[in-house]
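One file, query.pdb, carrying PDB, C-alpha atoms:
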```
ATOM      1  CA  MET A  29       0.000   0.000   0.000
ATOM      2  CA  ASN A  30       3.036   2.286  -0.152
ATOM      3  CA  ASN A  31       2.270   3.546   3.356
ATOM      4  CA  ILE A  32      -0.638   5.717   2.172
ATOM      5  CA  LYS A  33      -3.019   6.789   4.948
ATOM      6  CA  ASN A  34      -5.149   9.483   3.270
ATOM      7  CA  VAL A  35      -6.578   9.774  -0.230
ATOM      8  CA  PHE A  36      -8.121  13.120  -1.188
ATOM      9  CA  ILE A  37     -10.350  12.710  -4.230
ATOM     10  CA  ASP A  38     -11.946  15.406  -6.365
ATOM     11  CA  PHE A  39     -15.683  15.201  -7.060
ATOM     12  CA  ASN A  40     -16.661  16.772 -10.394
ATOM     13  CA  GLY A  41     -15.136  14.821 -13.267
ATOM     14  CA  THR A  42     -13.212  12.451 -10.998
ATOM     15  CA  VAL A  43     -16.019  10.842  -9.006
ATOM     16  CA  LEU A  44     -19.036  12.265 -10.841
ATOM     17  CA  ASP A  45     -19.300  11.996 -14.637
ATOM     18  CA  ASP A  46     -20.770  15.449 -15.227
ATOM     19  CA  VAL A  47     -18.702  16.649 -18.187
ATOM     20  CA  ASP A  48     -21.489  16.376 -20.780
ATOM     21  CA  LEU A  49     -23.902  18.185 -18.480
ATOM     22  CA  CYS A  50     -21.448  21.031 -17.849
ATOM     23  CA  LEU A  51     -20.757  21.354 -21.583
ATOM     24  CA  GLU A  52     -24.486  21.465 -22.330
ATOM     25  CA  LEU A  53     -25.060  24.210 -19.755
ATOM     26  CA  LEU A  54     -22.083  26.218 -21.012
ATOM     27  CA  ASN A  55     -23.479  26.091 -24.544
ATOM     28  CA  LYS A  56     -26.876  27.176 -23.245
ATOM     29  CA  LEU A  57     -25.237  30.272 -21.737
ATOM     30  CA  LEU A  58     -23.381  30.936 -24.988
ATOM     31  CA  LYS A  59     -26.577  30.582 -27.010
ATOM     32  CA  SER A  60     -28.298  33.120 -24.766
ATOM     33  CA  GLN A  61     -25.653  35.628 -25.887
ATOM     34  CA  ASN A  62     -25.724  34.543 -29.554
ATOM     35  CA  LYS A  63     -22.214  33.173 -29.197
ATOM     36  CA  ALA A  64     -20.834  30.115 -30.989
ATOM     37  CA  SER A  65     -21.107  26.822 -29.130
ATOM     38  CA  VAL A  66     -18.022  24.781 -28.213
ATOM     39  CA  ASP A  67     -17.406  21.059 -28.706
ATOM     40  CA  ILE A  68     -16.064  18.635 -26.118
ATOM     41  CA  ASN A  69     -12.443  18.959 -27.238
ATOM     42  CA  THR A  70     -12.545  22.737 -27.072
ATOM     43  CA  TYR A  71     -14.247  22.537 -23.688
ATOM     44  CA  ARG A  72     -11.528  20.318 -22.242
ATOM     45  CA  ASN A  73      -8.878  22.666 -23.589
ATOM     46  CA  ILE A  74     -10.380  25.833 -22.068
ATOM     47  CA  PHE A  75     -11.944  24.610 -18.826
ATOM     48  CA  GLY A  76     -10.180  25.701 -15.659
ATOM     49  CA  PHE A  77     -10.295  27.641 -12.409
ATOM     50  CA  PRO A  78     -11.350  30.190 -11.521
ATOM     51  CA  ILE A  79     -14.530  29.534 -13.482
ATOM     52  CA  VAL A  80     -14.822  33.219 -14.361
ATOM     53  CA  ASP A  81     -11.665  32.930 -16.494
ATOM     54  CA  TYR A  82     -12.932  29.800 -18.232
ATOM     55  CA  TYR A  83     -16.204  31.569 -19.049
ATOM     56  CA  LYS A  84     -14.190  34.378 -20.639
ATOM     57  CA  ALA A  85     -12.182  31.850 -22.664
ATOM     58  CA  ALA A  86     -15.422  30.266 -23.874
ATOM     59  CA  GLY A  87     -16.526  33.647 -25.232
ATOM     60  CA  LEU A  88     -19.097  34.749 -22.672
ATOM     61  CA  ASP A  89     -19.505  38.505 -22.342
ATOM     62  CA  PHE A  90     -19.950  39.861 -18.810
ATOM     63  CA  ASN A  91     -21.169  43.162 -20.258
ATOM     64  CA  ILE A  92     -24.227  41.292 -21.514
ATOM     65  CA  GLU A  93     -24.768  39.351 -18.297
ATOM     66  CA  SER A  94     -22.748  39.367 -15.085
ATOM     67  CA  PHE A  95     -20.751  36.360 -13.979
ATOM     68  CA  ASP A  96     -22.739  36.206 -10.739
ATOM     69  CA  SER A  97     -25.995  36.000 -12.674
ATOM     70  CA  MET A  98     -24.651  33.252 -14.936
ATOM     71  CA  ALA A  99     -23.299  31.338 -11.950
ATOM     72  CA  VAL A 100     -26.754  31.316 -10.361
ATOM     73  CA  LYS A 101     -28.382  30.184 -13.626
ATOM     74  CA  PHE A 102     -25.818  27.419 -14.015
ATOM     75  CA  ILE A 103     -26.228  26.056 -10.492
ATOM     76  CA  ASP A 104     -30.028  26.306 -10.572
ATOM     77  CA  GLU A 105     -30.093  23.910 -13.524
ATOM     78  CA  TYR A 106     -26.949  21.918 -12.774
ATOM     79  CA  GLN A 107     -27.783  20.947  -9.192
ATOM     80  CA  PRO A 108     -31.017  18.960  -9.753
ATOM     81  CA  ARG A 109     -29.737  17.431 -12.985
ATOM     82  CA  SER A 110     -26.498  16.346 -11.328
ATOM     83  CA  PHE A 111     -28.514  13.860  -9.260
ATOM     84  CA  MET A 112     -29.150  11.899 -12.469
ATOM     85  CA  GLN A 113     -25.524  11.687 -13.610
ATOM     86  CA  ASN A 114     -23.386   8.571 -13.382
ATOM     87  CA  ILE A 115     -20.479   7.831 -11.090
ATOM     88  CA  ASN A 116     -17.303   7.232 -13.097
ATOM     89  CA  PRO A 117     -16.341   3.583 -13.692
ATOM     90  CA  GLY A 118     -14.249   1.994 -10.963
ATOM     91  CA  ILE A 119     -14.838   4.678  -8.324
ATOM     92  CA  LYS A 120     -16.910   2.594  -5.928
ATOM     93  CA  GLU A 121     -14.635  -0.433  -6.269
ATOM     94  CA  PHE A 122     -11.548   1.725  -5.725
ATOM     95  CA  ILE A 123     -12.940   3.416  -2.612
ATOM     96  CA  SER A 124     -14.052   0.062  -1.213
ATOM     97  CA  TYR A 125     -10.501  -1.192  -1.744
ATOM     98  CA  LEU A 126      -9.064   1.820   0.087
ATOM     99  CA  LYS A 127     -11.390   1.382   3.049
ATOM    100  CA  LYS A 128     -10.582  -2.310   3.345
ATOM    101  CA  ASN A 129      -6.970  -1.230   3.721
ATOM    102  CA  ASN A 130      -7.797   1.368   6.397
ATOM    103  CA  ILE A 131      -7.106   4.367   4.167
ATOM    104  CA  ASN A 132      -9.093   7.528   4.830
ATOM    105  CA  VAL A 133     -11.021   8.791   1.787
ATOM    106  CA  ILE A 134     -11.730  12.530   1.821
ATOM    107  CA  LEU A 135     -13.858  14.122  -0.897
ATOM    108  CA  PHE A 136     -12.442  17.433  -2.124
ATOM    109  CA  SER A 137     -14.442  19.878  -4.255
ATOM    110  CA  ALA A 138     -14.751  23.468  -5.470
ATOM    111  CA  SER A 139     -18.524  23.092  -5.071
ATOM    112  CA  LYS A 140     -20.503  24.814  -2.348
ATOM    113  CA  TYR A 141     -20.473  22.476   0.662
ATOM    114  CA  GLU A 142     -24.259  22.352   1.088
ATOM    115  CA  ASN A 143     -24.792  21.592  -2.614
ATOM    116  CA  LEU A 144     -22.131  18.921  -2.487
ATOM    117  CA  MET A 145     -23.696  17.177   0.496
ATOM    118  CA  GLU A 146     -27.076  17.229  -1.240
ATOM    119  CA  GLN A 147     -25.529  15.636  -4.329
ATOM    120  CA  LEU A 148     -23.919  12.884  -2.274
ATOM    121  CA  ARG A 149     -27.198  12.088  -0.537
ATOM    122  CA  MET A 150     -29.238  12.088  -3.732
ATOM    123  CA  LEU A 151     -26.652   9.944  -5.529
ATOM    124  CA  LYS A 152     -26.587   7.613  -2.493
ATOM    125  CA  ILE A 153     -22.818   7.803  -2.158
ATOM    126  CA  ASP A 154     -22.538   9.854   1.038
ATOM    127  CA  ASP A 155     -21.357   6.747   2.896
ATOM    128  CA  LEU A 156     -18.311   6.369   0.623
ATOM    129  CA  PHE A 157     -16.327   9.176   2.224
ATOM    130  CA  ASP A 158     -14.779   9.647   5.640
ATOM    131  CA  ASP A 159     -14.947  13.419   5.288
ATOM    132  CA  VAL A 160     -15.989  16.082   2.773
ATOM    133  CA  ILE A 161     -14.301  19.383   1.879
ATOM    134  CA  GLY A 162     -16.305  22.024   0.003
ATOM    135  CA  ILE A 163     -16.303  25.800  -0.290
ATOM    136  CA  SER A 164     -18.708  28.452   1.016
ATOM    137  CA  ASN A 165     -20.117  29.802  -2.272
ATOM    138  CA  ILE A 166     -21.128  28.834  -5.828
ATOM    139  CA  HIS A 167     -18.403  30.761  -7.675
ATOM    140  CA  ALA A 168     -15.789  27.955  -7.817
ATOM    141  CA  ARG A 169     -12.821  30.295  -7.700
ATOM    142  CA  SER A 170     -10.405  28.040  -5.818
ATOM    143  CA  LYS A 171     -10.441  25.219  -3.307
ATOM    144  CA  LEU A 172      -6.837  25.699  -2.243
ATOM    145  CA  GLU A 173      -7.570  27.748   0.861
ATOM    146  CA  VAL A 174     -10.050  25.262   2.339
ATOM    147  CA  PHE A 175      -7.713  22.401   1.456
ATOM    148  CA  ILE A 176      -4.747  23.906   3.306
ATOM    149  CA  GLU A 177      -6.980  24.777   6.247
ATOM    150  CA  TYR A 178      -8.224  21.180   6.409
ATOM    151  CA  LEU A 179      -4.706  19.749   6.286
ATOM    152  CA  ASP A 180      -3.520  21.984   9.115
ATOM    153  CA  LYS A 181      -6.602  21.537  11.277
ATOM    154  CA  ASN A 182      -6.470  17.756  11.038
ATOM    155  CA  ASN A 183      -2.682  17.377  11.264
ATOM    156  CA  ILE A 184      -2.592  15.403   8.023
ATOM    157  CA  ASP A 185       0.661  13.558   7.340
ATOM    158  CA  LYS A 186       1.380  14.884   3.853
ATOM    159  CA  ASP A 187       4.011  12.231   3.134
ATOM    160  CA  LYS A 188       1.320   9.572   3.575
ATOM    161  CA  SER A 189      -1.324  11.315   1.489
ATOM    162  CA  ILE A 190      -2.200  11.650  -2.192
ATOM    163  CA  LEU A 191      -4.663  13.798  -4.120
ATOM    164  CA  ILE A 192      -6.548  12.423  -7.124
ATOM    165  CA  GLY A 193      -8.199  14.866  -9.490
ATOM    166  CA  ASP A 194      -8.960  15.699 -13.105
ATOM    167  CA  THR A 195      -7.690  19.277 -13.476
ATOM    168  CA  ILE A 196      -4.570  21.399 -13.356
ATOM    169  CA  HIS A 197      -6.073  23.093 -10.295
ATOM    170  CA  ASP A 198      -6.033  19.750  -8.470
ATOM    171  CA  PHE A 199      -2.359  19.437  -9.365
ATOM    172  CA  GLU A 200      -1.714  22.971  -8.119
ATOM    173  CA  CYS A 201      -3.475  22.309  -4.808
ATOM    174  CA  ALA A 202      -1.503  19.121  -4.234
ATOM    175  CA  SER A 203       1.802  20.706  -5.233
ATOM    176  CA  TYR A 204       1.290  23.735  -3.005
ATOM    177  CA  ALA A 205       0.486  21.452  -0.086
ATOM    178  CA  HIS A 206       3.438  19.127  -0.854
ATOM    179  CA  ILE A 207       1.128  16.170  -1.438
ATOM    180  CA  LYS A 208       1.569  13.737  -4.340
ATOM    181  CA  PRO A 209      -0.906  14.455  -7.193
ATOM    182  CA  ILE A 210      -2.410  11.889  -9.556
ATOM    183  CA  LEU A 211      -4.620  13.063 -12.435
ATOM    184  CA  VAL A 212      -7.323  11.131 -14.298
ATOM    185  CA  THR A 213      -8.504  11.760 -17.864
ATOM    186  CA  THR A 214     -12.178  11.035 -17.103
ATOM    187  CA  GLY A 215     -13.002  14.655 -16.409
ATOM    188  CA  HIS A 216     -12.937  18.262 -17.510
ATOM    189  CA  GLN A 217      -9.475  18.752 -19.019
ATOM    190  CA  SER A 218      -7.566  17.137 -21.872
ATOM    191  CA  ARG A 219      -4.883  14.509 -21.384
ATOM    192  CA  LYS A 220      -2.321  16.845 -22.963
ATOM    193  CA  ARG A 221      -2.983  19.581 -20.404
ATOM    194  CA  LEU A 222      -2.789  17.079 -17.553
ATOM    195  CA  GLU A 223       0.424  15.516 -18.864
ATOM    196  CA  ASP A 224       2.005  18.965 -19.062
ATOM    197  CA  CYS A 225       1.816  19.029 -15.246
ATOM    198  CA  GLY A 226       4.494  16.333 -15.167
ATOM    199  CA  CYS A 227       2.752  14.005 -12.716
ATOM    200  CA  LEU A 228       1.194  10.553 -13.102
ATOM    201  CA  VAL A 229      -1.825  10.625 -15.460
ATOM    202  CA  ILE A 230      -4.215   7.660 -15.678
ATOM    203  CA  ASP A 231      -7.327   6.817 -17.706
ATOM    204  CA  ASN A 232      -9.159   4.797 -15.070
ATOM    205  CA  ILE A 233      -8.843   5.054 -11.313
ATOM    206  CA  LEU A 234      -8.581   1.276 -10.970
ATOM    207  CA  GLU A 235      -5.113   1.519 -12.532
ATOM    208  CA  LEU A 236      -3.933   2.680  -9.098
ATOM    209  CA  LYS A 237      -5.225  -0.525  -7.496
ATOM    210  CA  ASP A 238      -4.487  -3.019 -10.236
ATOM    211  CA  GLY A 239      -1.044  -1.589 -10.911
ATOM    212  CA  GLY A 240      -0.054  -1.685  -7.258
ATOM    213  CA  ILE A 241       0.447   2.086  -7.168
ATOM    214  CA  ILE A 242      -1.739   2.330  -4.064
TER     215      ILE A 242
END
```

Output the structure of this file as structure tokens.
Amino acid sequence: MNNIKNVFIDFNGTVLDDVDLCLELLNKLLKSQNKASVDINTYRNIFGFPIVDYYKAAGLDFNIESFDSMAVKFIDEYQPRSFMQNINPGIKEFISYLKKNNINVILFSASKYENLMEQLRMLKIDDLFDDVIGISNIHARSKLEVFIEYLDKNNIDKDKSILIGDTIHDFECASYAHIKPILVTTGHQSRKRLEDCGCLVIDNILELKDGGII
């Protein structure tokens, strides 16, 4: 088990397969401004944090509608529809494997904490995680601050922890905290962008179990 005691795992794109839904809602916002839609490849090459910058890259005009207004519209439609999305292949098996080996599994997200907890309950996966880290608003600017606060508050042994995510921001959070990052291609950013981070990139989370990495 390589002496791992804590696995931090991102939610959107890593646990939850919500990429198509997010792309659909982005294109709905673009259509409302008579802007050109984007395809999945373009989406994965522009998506990032903070979300406000990704919206700009997609072509949304904040002079037509404010970011705050668009964020509310997005969440109002995204939240109930997220309950009907699938969990990515291998996630439940992987987490079960971690728990059998006495490894703490902490969910880590840039989603508002209350929304996140509702999603977990509705998806019937709230029992998968030993703890949940979310943020205090719907603007998804960064989850770094709450991550560092959690690590310090809980005296996490960083040398015995890893962070699994699907974005450059996950890599940045792990690197800043001196925790090993692992990125999966199931989510919101392209393999090329993830590989440019220089860390381990996998296509399915079960590679970590089956390959003896964890």

Find the distance between CA of Asp155 (chain A) and CA of Ser203 (chain A) and write it in Å to one decimal.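 We find that CA of Asp155 (chain A) and CA of Ser203 (chain A) lie 28.2 Å from each other.
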
How many Å lie between CA of Val133 (chain A) and CA of Asp187 (chain A), rounded to one decimal? 15.5 Å

Do a neighbour search on region 91-105 of chain A at 12 Å with all atoms listed in the file, toss out local chain neighbours closer than 6 positions, and write the hits as a PDB file with C-alpha atoms, in the frame of the given file.
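Written file, part.pdb:
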```pdb
ATOM      1  CA  LEU A  49     -23.902  18.185 -18.480  1.00  0.00           C
ATOM      2  CA  CYS A  50     -21.448  21.031 -17.849  1.00  0.00           C
ATOM      3  CA  LEU A  51     -20.757  21.354 -21.583  1.00  0.00           C
ATOM      4  CA  GLU A  52     -24.486  21.465 -22.330  1.00  0.00           C
ATOM      5  CA  LEU A  53     -25.060  24.210 -19.755  1.00  0.00           C
ATOM      6  CA  LEU A  54     -22.083  26.218 -21.012  1.00  0.00           C
ATOM      7  CA  ASN A  55     -23.479  26.091 -24.544  1.00  0.00           C
ATOM      8  CA  LYS A  56     -26.876  27.176 -23.245  1.00  0.00           C
ATOM      9  CA  LEU A  57     -25.237  30.272 -21.737  1.00  0.00           C
ATOM     10  CA  LEU A  58     -23.381  30.936 -24.988  1.00  0.00           C
ATOM     11  CA  SER A  60     -28.298  33.120 -24.766  1.00  0.00           C
ATOM     12  CA  GLN A  61     -25.653  35.628 -25.887  1.00  0.00           C
ATOM     13  CA  ASN A  62     -25.724  34.543 -29.554  1.00  0.00           C
ATOM     14  CA  LYS A  63     -22.214  33.173 -29.197  1.00  0.00           C
ATOM     15  CA  PRO A  78     -11.350  30.190 -11.521  1.00  0.00           C
ATOM     16  CA  ILE A  79     -14.530  29.534 -13.482  1.00  0.00           C
ATOM     17  CA  VAL A  80     -14.822  33.219 -14.361  1.00  0.00           C
ATOM     18  CA  ASP A  81     -11.665  32.930 -16.494  1.00  0.00           C
ATOM     19  CA  TYR A  82     -12.932  29.800 -18.232  1.00  0.00           C
ATOM     20  CA  TYR A  83     -16.204  31.569 -19.049  1.00  0.00           C
ATOM     21  CA  LYS A  84     -14.190  34.378 -20.639  1.00  0.00           C
ATOM     22  CA  PHE A 111     -28.514  13.860  -9.260  1.00  0.00           C
ATOM     23  CA  SER A 139     -18.524  23.092  -5.071  1.00  0.00           C
ATOM     24  CA  LYS A 140     -20.503  24.814  -2.348  1.00  0.00           C
ATOM     25  CA  ASN A 143     -24.792  21.592  -2.614  1.00  0.00           C
ATOM     26  CA  LEU A 144     -22.131  18.921  -2.487  1.00  0.00           C
ATOM     27  CA  ASN A 165     -20.117  29.802  -2.272  1.00  0.00           C
ATOM     28  CA  ILE A 166     -21.128  28.834  -5.828  1.00  0.00           C
ATOM     29  CA  HIS A 167     -18.403  30.761  -7.675  1.00  0.00           C
ATOM     30  CA  ALA A 168     -15.789  27.955  -7.817  1.00  0.00           C
ATOM     31  CA  ARG A 169     -12.821  30.295  -7.700  1.00  0.00           C
TER      32      ARG A 169
END
```

For the structure shown, which residues end up in the PyMOL selection byres ((chain A and resi 226-240) around 10)? Put them as a count of residues only, please? 35

Nearest to Ile184 (chain A), chosen from A:Asp38, A:Gln147, A:Ala205, A:Ser137, with all atoms listed in the file counted in the distances: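 The answer is A:Ala205, which sits nearest to Ile184 (chain A).
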
Between CA of Phe157 (chain A) and CA of Ile134 (chain A), measure the distance and give it in Å to one decimal. 5.7 Å

May I ask which of the residues A:Phe136, A:Met145, A:Leu88, A:Ile153 is the closest one to Tyr178 (chain A), counting all atoms listed in the file?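 Selected residue with least distance to Tyr178 (chain A): A:Phe136.
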
Counting only C-alpha atoms, figure out which residue out of A:Lys59, A:Gly41, A:Val66, A:Asp159 gets nearest to Asp89 (chain A). A:Lys59

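For the set A:Glu146, A:Gln217, A:Cys201, A:Asn73, the residue with the smallest atom-to-atom gap to Val47 (chain A) is A:Gln217, counting only C-alpha atoms.
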
Nearest residue to Ser218 (chain A) from the set A:Asn34, A:Gln107, A:Asn69, A:Asn129 (distances using all atoms listed in the file): A:Asn69

Between A:Ser189, A:Phe77, A:Leu151, A:Glu142, which is the closest to Asn31 (chain A) once you count all atoms listed in the file?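 Of all the options, A:Ser189 lies closest to Asn31 (chain A).
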
Could you tell me, as a PDB file with C-alpha atoms, in the coordinates of the input, which residues have any atom at most 7 Å from (-18.4, 24.4, 2.7), counting all atoms listed in the file?
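The resulting result_0.pdb:
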```
ATOM      1  CA  LYS A 140     -20.503  24.814  -2.348  1.00  0.00           C
ATOM      2  CA  TYR A 141     -20.473  22.476   0.662  1.00  0.00           C
ATOM      3  CA  GLU A 142     -24.259  22.352   1.088  1.00  0.00           C
ATOM      4  CA  ILE A 161     -14.301  19.383   1.879  1.00  0.00           C
ATOM      5  CA  GLY A 162     -16.305  22.024   0.003  1.00  0.00           C
ATOM      6  CA  ILE A 163     -16.303  25.800  -0.290  1.00  0.00           C
ATOM      7  CA  SER A 164     -18.708  28.452   1.016  1.00  0.00           C
TER       8      SER A 164
END
```
